[in-house]
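Structure first, then comments.
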Amino acid sequence: MFLKQAEAMKQYTRAFILLQTEPMREKDVIEELLKMDEVIEAHMITGEYDVIAVVQVKRLFLEADYDNVFNSAIAKIEGAKYVVDTNTVIGMASKTKIFDST
C-alpha cells in the first residue's frame with residue numbers, strides 16, 4: 001500500500017549532499033550527520049565521494065529551494081568535523097514508492 005501522505009512531499013525540499021571526508025572518518029561523519037534534524041539518511045558510498053546525506057527541509061514561502069537548503073543544512077554539514085568537501089544535488093521533480101509498514 002502506498003503511503004497516503006505522499007502529498008506531504010510537496011511541502012519539503014529534499015537534497016542529496018555528497019561529502020568527501022578525511023581518510024577513515026566516514027563513520028564519524030555519519031554519526032555527526034544523524035544528529036542534525038535536517039538529515040534523514042546518511043550512507044557510506046564508493047567513488048569520488050565518501051558519504052551521501054539525504055536532507056529534508058520544510059519549504060518556505062518566497063524562498064528559493066537552494067537558499068532554504070543552504071541556510072538550514074548545508075552550512076551545518078560543511079562545518080562538521082572531518083568534512084573536506086561537499087557537492088549538493090537538489091532534485092527538480094520527484095516520485096517515490098514509499099510503503100506504509102503498518
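In the C-alpha cells, chains take letters A, B, ... by order of appearance, with residues numbered from 1 within each chain and ligands from 1 in the order shown.
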Margin query: So that I can check the surroundings of region 55-57 of chain A, please list as a PyMOL selection string every protein, DNA and RNA residue that reaches within 7 Å of it, counting only C-alpha atoms and ignoring chain neighbours fewer than 2 positions away.
Written below: chain A and resi 12-16+38-40+53+59+69
Same residues, C-alpha atoms, saved as a compact mmCIF listing (two decimals), in the first residue's frame:
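The resulting file, part_24.txt, is shown below:
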# COMPACT_ATOMS: atom_id res chain seq x y z
CA TYR A 12 9.50 19.77 1.74
CA THR A 13 12.66 20.20 -0.27
CA ARG A 14 14.87 17.14 -0.35
CA ALA A 15 18.54 17.41 -1.26
CA PHE A 16 21.34 14.89 -1.66
CA GLU A 38 17.54 18.03 8.66
CA VAL A 39 19.46 14.83 7.84
CA ILE A 40 17.06 11.94 7.32
CA ALA A 53 23.43 12.55 3.13
CA ARG A 59 9.66 24.70 2.02
CA VAL A 69 18.54 24.04 2.00
Checklist line | Selection near region 76-89 of chain A, 6 Å with only C-alpha atoms, sequence-local residues under 6 positions removed, as a VMD selection string | finding: chain A and resid 15 to 22
Could you dump the residues just selected with N, CA and C atoms as a PDB file, in the first residue's frame?
ATOM      1  N   ALA A  15      17.268  17.243  -0.561  1.00  0.00           N
ATOM      2  CA  ALA A  15      18.543  17.410  -1.264  1.00  0.00           C
ATOM      3  C   ALA A  15      19.451  16.239  -0.916  1.00  0.00           C
ATOM      4  N   PHE A  16      20.367  15.960  -1.834  1.00  0.00           N
ATOM      5  CA  PHE A  16      21.339  14.887  -1.663  1.00  0.00           C
ATOM      6  C   PHE A  16      22.709  15.555  -1.618  1.00  0.00           C
ATOM      7  N   ILE A  17      23.400  15.372  -0.513  1.00  0.00           N
ATOM      8  CA  ILE A  17      24.678  16.048  -0.333  1.00  0.00           C
ATOM      9  C   ILE A  17      25.778  14.999  -0.316  1.00  0.00           C
ATOM     10  N   LEU A  18      26.663  15.104  -1.300  1.00  0.00           N
ATOM     11  CA  LEU A  18      27.815  14.215  -1.402  1.00  0.00           C
ATOM     12  C   LEU A  18      28.952  14.829  -0.597  1.00  0.00           C
ATOM     13  N   LEU A  19      29.608  14.021   0.217  1.00  0.00           N
ATOM     14  CA  LEU A  19      30.654  14.537   1.091  1.00  0.00           C
ATOM     15  C   LEU A  19      31.961  13.770   0.907  1.00  0.00           C
ATOM     16  N   GLN A  20      33.052  14.509   0.840  1.00  0.00           N
ATOM     17  CA  GLN A  20      34.376  13.919   0.953  1.00  0.00           C
ATOM     18  C   GLN A  20      34.803  14.132   2.394  1.00  0.00           C
ATOM     19  N   THR A  21      35.366  13.098   2.983  1.00  0.00           N
ATOM     20  CA  THR A  21      35.780  13.171   4.382  1.00  0.00           C
ATOM     21  C   THR A  21      37.286  12.954   4.492  1.00  0.00           C
ATOM     22  N   GLU A  22      37.816  13.263   5.654  1.00  0.00           N
ATOM     23  CA  GLU A  22      39.202  12.897   5.924  1.00  0.00           C
ATOM     24  C   GLU A  22      39.280  11.373   5.911  1.00  0.00           C
TER      25      GLU A  22
END
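One distance worth recording is that between CA of Met44 (chain A) and CA of Glu26 (chain A), which is 6.7 Å.
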Next item on the list: Would you mind reading off the distance between CA of Thr96 (chain A) and CA of Glu32 (chain A), one decimal, in Å?
Entry: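 CA of Glu32 (chain A) lies 26.7 Å from CA of Thr96 (chain A).
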